[in-house]
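Here's input06.tsv, which has TSV, C-alpha atoms:
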```tsv
chain	number	residue	atom	x	y	z
U	123	MET	CA	0.00	0.00	0.00
U	124	GLY	CA	2.86	2.36	0.83
U	125	VAL	CA	4.42	2.08	-2.60
U	126	ALA	CA	1.04	2.56	-4.24
U	127	VAL	CA	0.46	5.72	-2.21
U	128	GLY	CA	3.99	6.85	-3.00
U	129	LEU	CA	3.20	6.36	-6.65
U	130	SER	CA	-0.01	8.44	-6.40
U	131	GLY	CA	1.81	11.09	-4.34
U	132	PHE	CA	4.40	11.30	-7.09
U	133	ALA	CA	1.61	11.44	-9.69
U	134	PHE	CA	-0.02	14.25	-7.70
U	135	GLY	CA	3.19	16.30	-7.60
U	136	VAL	CA	3.66	15.87	-11.34
U	137	THR	CA	0.00	16.63	-12.11
U	138	ALA	CA	0.07	19.75	-9.92
U	139	ALA	CA	3.17	21.02	-11.69
U	140	GLY	CA	1.55	20.26	-15.04
U	141	SER	CA	-1.53	22.25	-13.96
U	142	GLY	CA	0.57	25.34	-13.31
U	143	ILE	CA	0.52	24.94	-9.52
U	144	SER	CA	3.78	25.99	-7.87
U	145	THR	CA	5.88	23.42	-6.02
U	146	ALA	CA	5.23	25.29	-2.77
U	147	ALA	CA	1.46	25.18	-3.31
U	148	ALA	CA	1.53	21.47	-4.17
U	149	CYS	CA	3.49	20.74	-0.98
U	150	VAL	CA	1.18	22.87	1.19
U	151	LEU	CA	-1.78	20.90	-0.20
U	152	SER	CA	-0.19	17.55	0.63
U	153	LEU	CA	0.92	18.74	4.08
U	154	LEU	CA	-2.37	20.36	5.13
U	155	VAL	CA	-5.12	18.71	3.08
U	156	PHE	CA	-3.71	15.16	2.97
U	157	THR	CA	-6.58	13.50	1.16
U	158	GLY	CA	-5.62	12.52	-2.36
U	159	ALA	CA	-8.90	12.63	-4.24
U	160	SER	CA	-9.62	16.19	-3.01
U	161	GLN	CA	-6.15	17.36	-3.96
U	162	PHE	CA	-6.41	15.89	-7.45
U	163	ALA	CA	-9.87	17.43	-7.82
U	164	LEU	CA	-8.63	20.85	-6.71
U	165	VAL	CA	-5.65	21.09	-9.07
U	166	GLY	CA	-7.79	19.66	-11.88
U	167	ALA	CA	-10.46	22.31	-11.35
U	168	LEU	CA	-7.89	25.12	-11.08
U	169	ALA	CA	-6.14	23.94	-14.24
U	170	ALA	CA	-9.49	23.92	-16.05
U	171	GLY	CA	-9.89	27.58	-15.08
U	172	GLY	CA	-12.53	27.06	-12.41
U	173	ASN	CA	-12.94	29.86	-9.87
U	174	PRO	CA	-11.37	29.23	-6.44
U	175	PHE	CA	-14.72	28.76	-4.69
U	176	THR	CA	-16.08	26.13	-7.10
U	177	ALA	CA	-12.72	24.39	-7.12
U	178	ALA	CA	-12.59	24.31	-3.32
U	179	ALA	CA	-16.22	23.17	-3.12
U	180	GLY	CA	-15.50	20.19	-5.37
U	181	ALA	CA	-12.51	19.24	-3.23
U	182	PHE	CA	-14.56	19.70	-0.06
U	183	PHE	CA	-17.39	17.47	-1.32
U	184	LEU	CA	-14.89	14.76	-2.17
U	185	GLY	CA	-13.44	15.10	1.32
U	186	THR	CA	-16.79	14.64	3.05
U	187	ARG	CA	-16.40	10.87	2.82
U	188	ASN	CA	-13.66	11.20	5.44
U	189	ALA	CA	-16.32	12.31	7.93
U	190	PHE	CA	-17.98	8.93	7.50
U	191	TYR	CA	-14.69	7.10	7.93
U	192	GLY	CA	-14.23	9.21	11.08
U	193	LEU	CA	-17.67	8.15	12.32
U	194	ARG	CA	-16.66	4.51	12.17
U	195	LEU	CA	-13.13	5.07	13.42
U	196	SER	CA	-14.16	7.11	16.47
U	197	GLN	CA	-16.06	4.12	17.82
U	198	LEU	CA	-13.43	1.59	16.81
U	199	LEU	CA	-10.37	3.48	18.09
U	200	ALA	CA	-12.05	5.23	21.08
U	201	LEU	CA	-9.32	7.86	21.17
U	202	PRO	CA	-9.04	10.27	24.12
U	203	ARG	CA	-10.54	13.66	23.22
U	204	PRO	CA	-7.28	15.68	23.25
U	205	LEU	CA	-5.80	13.31	20.65
U	206	ARG	CA	-8.71	13.58	18.24
U	207	PRO	CA	-7.79	16.91	16.56
U	208	LEU	CA	-4.37	15.41	15.77
U	209	ALA	CA	-5.69	12.04	14.66
U	210	ALA	CA	-8.32	13.72	12.47
U	211	HIS	CA	-5.66	14.80	9.98
U	212	TRP	CA	-4.90	11.15	9.22
U	213	VAL	CA	-8.49	10.05	8.67
U	214	ILE	CA	-8.30	8.99	5.01
U	215	ASP	CA	-9.33	6.05	2.79
U	216	GLU	CA	-6.20	4.02	3.52
U	217	THR	CA	-6.02	4.46	7.31
U	218	ALA	CA	-9.75	3.71	7.57
U	219	ALA	CA	-9.39	0.58	5.43
U	220	VAL	CA	-6.44	-0.73	7.47
U	221	SER	CA	-7.97	0.06	10.88
U	222	LEU	CA	-11.38	-1.37	10.02
U	223	ALA	CA	-9.74	-4.61	8.85
U	224	GLN	CA	-8.19	-5.28	12.28
U	225	LYS	CA	-9.72	-7.71	14.75
U	226	ASP	CA	-9.44	-5.71	17.98
U	227	ARG	CA	-9.00	-2.17	19.26
U	228	ALA	CA	-5.28	-2.41	20.03
U	229	SER	CA	-4.34	-3.56	16.55
U	230	ALA	CA	-6.77	-1.07	15.01
U	231	ARG	CA	-5.02	1.76	16.90
U	232	LEU	CA	-1.61	0.46	15.89
U	233	GLY	CA	-2.72	0.05	12.28
U	234	PHE	CA	-4.11	3.59	12.24
U	235	ALA	CA	-0.95	5.14	13.71
U	236	VAL	CA	1.53	3.20	11.56
U	237	THR	CA	-0.45	3.67	8.34
U	238	GLY	CA	-1.15	7.33	9.11
U	239	LEU	CA	2.43	8.27	9.91
U	240	SER	CA	4.11	6.34	7.12
U	241	LEU	CA	1.65	7.45	4.46
U	242	TYR	CA	1.86	11.08	5.64
U	243	VAL	CA	5.66	11.11	5.33
U	244	LEU	CA	5.57	9.23	2.04
U	245	TRP	CA	2.78	11.29	0.48
U	246	ASN	CA	4.59	14.55	1.23
U	247	LEU	CA	8.01	13.35	0.11
U	248	THR	CA	6.68	11.96	-3.15
U	249	THR	CA	4.61	15.10	-3.81
U	250	LEU	CA	7.80	17.15	-3.53
U	251	LEU	CA	9.72	14.73	-5.74
U	252	GLY	CA	6.90	14.69	-8.29
U	253	ALA	CA	6.62	18.48	-8.44
U	254	LEU	CA	10.39	18.84	-8.82
U	255	GLY	CA	10.70	15.94	-11.25
U	256	ALA	CA	7.79	16.99	-13.47
U	257	GLU	CA	10.14	18.53	-16.01
U	258	ALA	CA	12.17	15.36	-16.30
U	259	ILE	CA	9.14	13.07	-16.59
U	260	GLY	CA	7.31	15.01	-19.25
U	261	ASP	CA	3.92	13.39	-19.88
U	262	THR	CA	2.56	11.51	-16.81
U	263	ALA	CA	-0.10	9.85	-18.93
U	264	ALA	CA	2.55	8.14	-21.03
U	265	TRP	CA	3.76	6.44	-17.84
U	266	GLY	CA	0.24	5.30	-16.99
U	267	LEU	CA	0.38	7.18	-13.68
U	268	ASP	CA	-3.19	8.43	-14.12
U	269	ALA	CA	-4.37	4.83	-13.72
U	270	ALA	CA	-2.80	4.56	-10.25
U	271	GLY	CA	-5.57	6.57	-8.52
U	272	PRO	CA	-8.54	4.50	-9.72
U	273	ALA	CA	-6.62	1.27	-9.08
U	274	VAL	CA	-6.04	2.37	-5.47
U	275	PHE	CA	-9.76	3.11	-5.10
U	276	LEU	CA	-10.71	-0.25	-6.63
U	277	ALA	CA	-8.36	-2.11	-4.31
U	278	LEU	CA	-9.96	-0.34	-1.32
U	279	LEU	CA	-13.46	-1.03	-2.61
U	280	ALA	CA	-13.11	-4.73	-3.52
U	281	PRO	CA	-12.98	-6.17	0.03
U	282	MET	CA	-16.08	-4.13	0.96
U	283	LEU	CA	-18.25	-5.90	-1.66
U	284	ARG	CA	-19.28	-8.90	0.43
U	285	THR	CA	-23.07	-8.94	0.24
U	286	ALA	CA	-25.74	-8.29	-2.39
U	287	THR	CA	-26.57	-5.00	-0.63
U	288	GLU	CA	-23.01	-3.70	-0.94
U	289	ARG	CA	-22.82	-4.73	-4.60
U	290	ALA	CA	-26.13	-3.03	-5.36
U	291	VAL	CA	-24.89	0.18	-3.73
U	292	ALA	CA	-21.65	0.06	-5.76
U	293	VAL	CA	-23.46	-0.49	-9.06
U	294	LEU	CA	-26.00	2.27	-8.42
U	295	ALA	CA	-23.26	4.69	-7.30
U	296	LEU	CA	-21.23	3.87	-10.41
U	297	VAL	CA	-24.20	4.60	-12.68
U	298	LEU	CA	-25.03	7.85	-10.85
U	299	GLY	CA	-21.40	8.98	-10.73
U	300	LEU	CA	-20.85	8.49	-14.45
U	301	GLY	CA	-24.33	9.45	-15.62
U	302	LEU	CA	-24.35	12.81	-13.85
U	303	LEU	CA	-20.73	13.70	-14.58
U	304	PRO	CA	-21.42	15.53	-17.86
U	305	VAL	CA	-24.26	17.64	-16.43
U	306	LEU	CA	-23.36	18.61	-12.85
U	307	PRO	CA	-20.44	20.75	-11.54
U	308	ALA	CA	-17.24	18.86	-10.64
U	309	GLY	CA	-17.47	17.03	-7.32
U	310	VAL	CA	-21.27	17.07	-7.15
U	311	PRO	CA	-21.92	13.79	-9.03
U	312	VAL	CA	-19.87	11.91	-6.42
U	313	LEU	CA	-22.03	13.36	-3.67
U	314	VAL	CA	-25.22	12.41	-5.48
U	315	ALA	CA	-23.76	8.93	-6.02
U	316	ALA	CA	-23.35	8.66	-2.24
U	317	LEU	CA	-27.17	8.73	-2.06
U	318	ALA	CA	-27.02	5.18	-3.49
U	319	ALA	CA	-26.34	4.00	0.07
U	320	PRO	CA	-29.56	5.30	1.70
U	321	ALA	CA	-31.52	4.48	-1.48
U	322	VAL	CA	-30.52	0.82	-1.47
U	323	LEU	CA	-31.07	0.55	2.30
U	324	PHE	CA	-34.56	1.99	1.86
U	325	LEU	CA	-35.44	-0.42	-0.97
U	326	LYS	CA	-34.00	-3.35	0.97
U	327	GLY	CA	-36.03	-2.39	4.04
U	328	ARG	CA	-39.21	-2.33	1.96
U	329	SER	CA	-38.54	-5.66	0.27
U	330	LEU	CA	-37.67	-7.27	3.63
U	331	LYS	CA	-40.96	-6.06	5.09
U	332	GLY	CA	-42.90	-7.38	2.12
U	333	ARG	CA	-41.23	-10.79	2.06
U	334	SER	CA	-41.07	-11.50	5.78
U	335	LEU	CA	-44.87	-11.69	5.76
U	336	LYS	CA	-44.63	-14.63	3.37
U	337	GLY	CA	-41.86	-16.31	5.39
U	338	SER	CA	-39.37	-16.26	2.54
U	339	SER	CA	-35.71	-17.15	3.00
U	340	PHE	CA	-34.64	-13.89	1.34
U	341	LYS	CA	-33.71	-12.35	4.66
U	342	ASP	CA	-31.26	-15.08	5.65
U	343	ARG	CA	-29.60	-15.11	2.30
U	344	ASN	CA	-29.24	-11.37	2.08
U	345	THR	CA	-27.83	-10.79	5.54
U	346	GLY	CA	-25.79	-13.95	5.89
U	347	GLY	CA	-22.43	-12.19	5.63
U	348	ARG	CA	-23.30	-9.58	8.22
U	349	ASN	CA	-23.29	-11.64	11.36
U	350	ALA	CA	-19.69	-10.85	12.20
U	351	LYS	CA	-20.55	-7.17	12.47
U	352	GLY	CA	-23.47	-7.86	14.74
U	353	THR	CA	-26.01	-6.03	12.63
U	354	ARG	CA	-28.25	-9.09	12.79
U	355	PRO	CA	-28.49	-11.67	15.52
I	65	MET	CA	-3.73	34.68	-5.40
I	66	ASN	CA	-6.84	32.76	-6.48
I	67	VAL	CA	-4.88	29.56	-6.12
I	68	TRP	CA	-4.10	30.35	-2.49
I	69	ILE	CA	-7.74	31.23	-1.72
I	70	ALA	CA	-8.76	27.84	-3.13
I	71	ILE	CA	-6.02	26.11	-1.15
I	72	GLY	CA	-6.98	27.89	2.10
I	73	LEU	CA	-10.65	26.95	1.71
I	74	THR	CA	-9.79	23.34	0.85
I	75	VAL	CA	-7.43	23.01	3.82
I	76	LEU	CA	-10.07	24.30	6.24
I	77	GLY	CA	-12.96	22.38	4.69
I	78	CYS	CA	-11.21	19.03	4.43
I	79	TYR	CA	-9.85	19.21	7.98
I	80	ALA	CA	-13.25	20.25	9.34
I	81	VAL	CA	-15.03	17.21	7.88
I	82	LYS	CA	-12.33	14.84	9.12
I	83	LEU	CA	-12.59	16.27	12.63
I	84	ALA	CA	-16.39	16.30	12.56
I	85	GLY	CA	-16.44	12.56	11.94
I	86	LEU	CA	-14.26	11.86	14.96
I	87	LEU	CA	-16.10	14.24	17.31
I	88	VAL	CA	-19.65	13.07	16.65
I	89	PRO	CA	-20.90	11.41	19.85
I	90	ALA	CA	-20.50	7.63	19.85
I	91	GLY	CA	-24.22	7.26	20.61
I	92	ALA	CA	-24.99	8.39	17.07
I	93	LEU	CA	-23.66	5.07	15.81
I	94	GLU	CA	-25.76	2.90	18.11
I	95	ARG	CA	-28.73	3.01	15.78
I	96	PRO	CA	-28.59	0.17	13.22
I	97	LEU	CA	-29.61	2.48	10.38
I	98	VAL	CA	-26.71	4.87	11.01
I	99	ARG	CA	-24.31	1.96	11.39
I	100	GLN	CA	-25.41	0.43	8.08
I	101	LEU	CA	-25.31	3.81	6.34
I	102	SER	CA	-21.80	4.59	7.52
I	103	ALA	CA	-20.68	1.17	6.26
I	104	LEU	CA	-22.34	1.62	2.86
I	105	LEU	CA	-21.36	5.25	2.16
I	106	PRO	CA	-17.68	4.49	1.52
I	107	VAL	CA	-18.81	1.74	-0.87
I	108	ALA	CA	-20.88	4.23	-2.86
I	109	LEU	CA	-18.20	6.94	-2.86
I	110	LEU	CA	-15.35	4.63	-3.80
I	111	ALA	CA	-17.38	3.04	-6.60
I	112	ALA	CA	-18.26	6.45	-8.04
I	113	LEU	CA	-14.68	7.73	-7.71
I	114	THR	CA	-13.20	4.63	-9.33
I	115	ALA	CA	-15.58	4.91	-12.26
I	116	GLN	CA	-15.06	8.65	-12.69
I	117	GLN	CA	-11.28	8.56	-12.54
I	118	THR	CA	-11.24	5.73	-15.07
I	119	PHE	CA	-13.89	6.75	-17.57
I	120	SER	CA	-13.80	10.54	-17.63
I	121	THR	CA	-11.68	13.53	-18.50
I	122	GLY	CA	-13.11	16.72	-17.04
I	123	HIS	CA	-16.84	16.63	-17.79
I	124	GLU	CA	-16.57	14.14	-20.65
I	125	LEU	CA	-17.00	10.39	-20.49
I	126	VAL	CA	-14.15	8.66	-22.30
I	127	LEU	CA	-12.95	5.12	-22.88
I	128	ASP	CA	-9.17	4.96	-23.03
I	129	ALA	CA	-6.18	2.93	-21.87
I	130	ARG	CA	-7.11	3.56	-18.22
I	131	ALA	CA	-10.08	1.20	-18.64
I	132	ALA	CA	-7.75	-1.62	-19.64
I	133	GLY	CA	-5.51	-0.69	-16.72
I	134	LEU	CA	-8.42	-0.90	-14.31
I	135	ALA	CA	-9.49	-4.24	-15.80
I	136	ALA	CA	-5.96	-5.51	-15.15
I	137	ALA	CA	-6.22	-4.27	-11.56
I	138	GLY	CA	-9.57	-6.07	-11.24
I	139	ILE	CA	-8.07	-9.34	-12.46
I	140	ALA	CA	-5.15	-8.91	-10.04
I	141	LEU	CA	-7.67	-8.45	-7.23
I	142	LEU	CA	-9.55	-11.60	-8.22
I	143	LEU	CA	-6.24	-13.46	-8.11
I	144	ARG	CA	-5.75	-12.09	-4.59
I	145	ALA	CA	-2.61	-10.21	-5.59
I	146	PRO	CA	-1.09	-7.84	-3.00
I	147	PHE	CA	-2.03	-4.15	-3.07
I	148	LEU	CA	1.11	-3.03	-4.88
I	149	ALA	CA	0.71	-5.64	-7.63
I	150	VAL	CA	-2.86	-4.44	-8.19
I	151	VAL	CA	-1.78	-0.82	-8.68
I	152	ALA	CA	1.29	-1.81	-10.68
I	153	ALA	CA	-0.87	-3.91	-13.02
I	154	ALA	CA	-3.04	-0.86	-13.76
I	155	VAL	CA	-0.07	1.44	-14.34
I	156	VAL	CA	1.92	-1.01	-16.48
I	157	VAL	CA	-1.02	-2.02	-18.70
I	158	THR	CA	-2.06	1.62	-19.20
I	159	ALA	CA	1.48	2.73	-20.02
I	160	GLY	CA	2.01	-0.30	-22.26
I	161	LEU	CA	-1.12	0.35	-24.33
I	162	ARG	CA	-0.16	3.99	-24.75
I	163	ALA	CA	3.35	3.01	-25.79
I	164	LEU	CA	1.70	0.88	-28.50
I	165	GLY	CA	-0.09	3.97	-29.70
I	166	LEU	CA	-3.49	3.19	-28.18
I	167	GLN	CA	-5.08	5.92	-26.11
```
Write out the structure in this file as structure tokens.
Amino acid sequence: MGVAVGLSGFAFGVTAAGSGISTAAACVLSLLVFTGASQFALVGALAAGGNPFTAAAGAFFLGTRNAFYGLRLSQLLALPRPLRPLAAHWVIDETAAVSLAQKDRASARLGFAVTGLSLYVLWNLTTLLGALGAEAIGDTAAWGLDAAGPAVFLALLAPMLRTATERAVAVLALVLGLGLLPVLPAGVPVLVAALAAPAVLFLKGRSLKGRSLKGSSFKDRNTGGRNAKGTRP
Amino acid sequence: MNVWIAIGLTVLGCYAVKLAGLLVPAGALERPLVRQLSALLPVALLAALTAQQTFSTGHELVLDARAAGLAAAGIALLLRAPFLAVVAAAVVVTAGLRALGLQ
């Protein structure tokens, strides 16, 4: 995971430089924003000539998913309050994925700290290297570096697709995210796609209600993989 | 100057949402609906982001070498390859196709 993040950090530095963002600005983004998708979105929007408020809004909307990671992590890690403002900076896709995959609180805390620290150092170093090395590299696309981001996302997503519900959410979000992309401002389609989660839950709730009256086995089949999380007895 | 305004807003906004997630009272997660939602939201967001970063440039939907790269990553995942191999597969296949003159 570290090398993959290093690769995307490098890609970010190069992309930022290619978008006319100064090396200093690229480094400030990686140091203080530290959430890759938002950073890519911001430099992309600025390069496309978007105004600073729209550009920042797109990046902000992309970053809102970290609030939901934080929601799950706060219960899992149970950090003391004074530590939370510090820990918050490291609440990203990768630290959430690693922490949530651990079996108990101690290893989740360790996983969060180790992943957070190493990725923070790596992300910032590679951003600097990428921004400085942009001249030497030339065209990032020729090196396939623009495929690193989506591959990272896919690798994070794959282990989450355990049940029919999760797959339905992913498919609906994919359709919404792509379908609305040409018509809505940057960053907004992703937010609308997030509505796939409540939408699928709502439909599932309705179909469960309807079928449980007939005593169908739908319920057992559909929630079989969830027992470990304790959502169903 | 505009760049720094955008950066300042993004820094504040992104940190605020991270912190908000951690500071929300634990009781908010006790309800099964909230618990299920917070598990499913990352699924929706990651699926949309993966699709967008693969099949679009700006506001346009495109099909290019990145799609083949992502397919390679998907196959690597099915073969239970480690994280790095998954990302490397995407990068190498995408770069290879472009080197062959395919977009």
Non-local contacts of Leu313 of chain U (8 Å; all atoms listed in the file; under 4 positions in same chain excluded) as a PDB file with C-alpha atoms, keeping the file's coordinate frame:
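Result file result_39.pdb:
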```pdb
ATOM      1  CA  PHE U 183     -17.390  17.470  -1.320  1.00  0.00           C
ATOM      2  CA  LEU U 184     -14.890  14.760  -2.170  1.00  0.00           C
ATOM      3  CA  GLY U 309     -17.470  17.030  -7.320  1.00  0.00           C
ATOM      4  CA  LEU U 317     -27.170   8.730  -2.060  1.00  0.00           C
TER       5      LEU U 317
ATOM      6  CA  LEU I 109     -18.200   6.940  -2.860  1.00  0.00           C
TER       7      LEU I 109
END
```
I want to know what sits within 6 Å of segment 270-287 of chain U, based on all atoms listed in the file, with residues of the same chain fewer than 4 positions away left out; could you give that as number ranges by chain?
I: 110, 114, 117, 134, 151, 155
Give the answer as one residue: which of I:Leu161, I:Val107, I:Leu127, I:Ala132 has the shortest atom-to-atom distance to chain U, using only C-alpha atoms?
I:Val107
Of the residues U:Val243, U:Leu251, U:Ala318, U:Ala159, which is the one nearest to Asp215 of chain U, using only C-alpha atoms?
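When distances to Asp215 of chain U are compared using only C-alpha atoms, the smallest one comes from U:Ala159.
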How many Å separate atom CA of Leu193 of chain U from atom CA of Val125 of chain U?
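Straight-line distance from atom CA of Leu193 of chain U to atom CA of Val125 of chain U works out to 27.3 Å.
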With distances taken over all atoms listed in the file, which residue among I:Ala135, I:Leu142, I:Ala154, I:Ala149 lies nearest chain U?
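Checking each candidate against chain U, we get I:Ala154 as the closest.
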Among listed residues I:Ala159, I:Val126, I:Ser120, I:Arg99, nearest chain U (using all atoms listed in the file)
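Using all atoms listed in the file, chain U sits closest to I:Ala159.
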Determine the nearest neighbour of Gly138 of chain I from the options I:Ala152, I:Leu97, I:Leu86, I:Ala70, counting only C-alpha atoms.
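Using only C-alpha atoms, the shortest distance to Gly138 of chain I belongs to I:Ala152.
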Got a sec: who's within 10 Å of Leu244 of chain U, counting only C-alpha atoms, leaving out chain neighbours fewer than 6 positions off, as a ChimeraX atom specification?
/U:124-125,127-129,131-132,238,250
Could you list, as a list of chain:residue names, every residue within 9 Å of Gly122 of chain I, counting all atoms listed in the file and ignoring same-chain residues fewer than 4 positions away?
U:Gly166, U:Ala167, U:Ala170, U:Leu303, U:Pro304, U:Ala308
When distances are computed from only C-alpha atoms, which of U:Val150, U:Leu199, U:Ala189, U:Leu267 shows the smallest separation from Gly133 of chain I?
U:Leu267
Between atom CA of Ala115 of chain I and atom CA of Ala253 of chain U, measure the distance and give it in Å to one decimal.
26.3 Å
Which residues, written as a ChimeraX atom specification, have at least one atom at most 8 Å from Leu87 of chain I, with all atoms listed in the file counted and residues fewer than 4 positions away on the same chain left out?
/U:196,206 /I:83
How far is it from atom CA of Phe234 of chain U to atom CA of Phe190 of chain U, in Å with one decimal?
15.6 Å
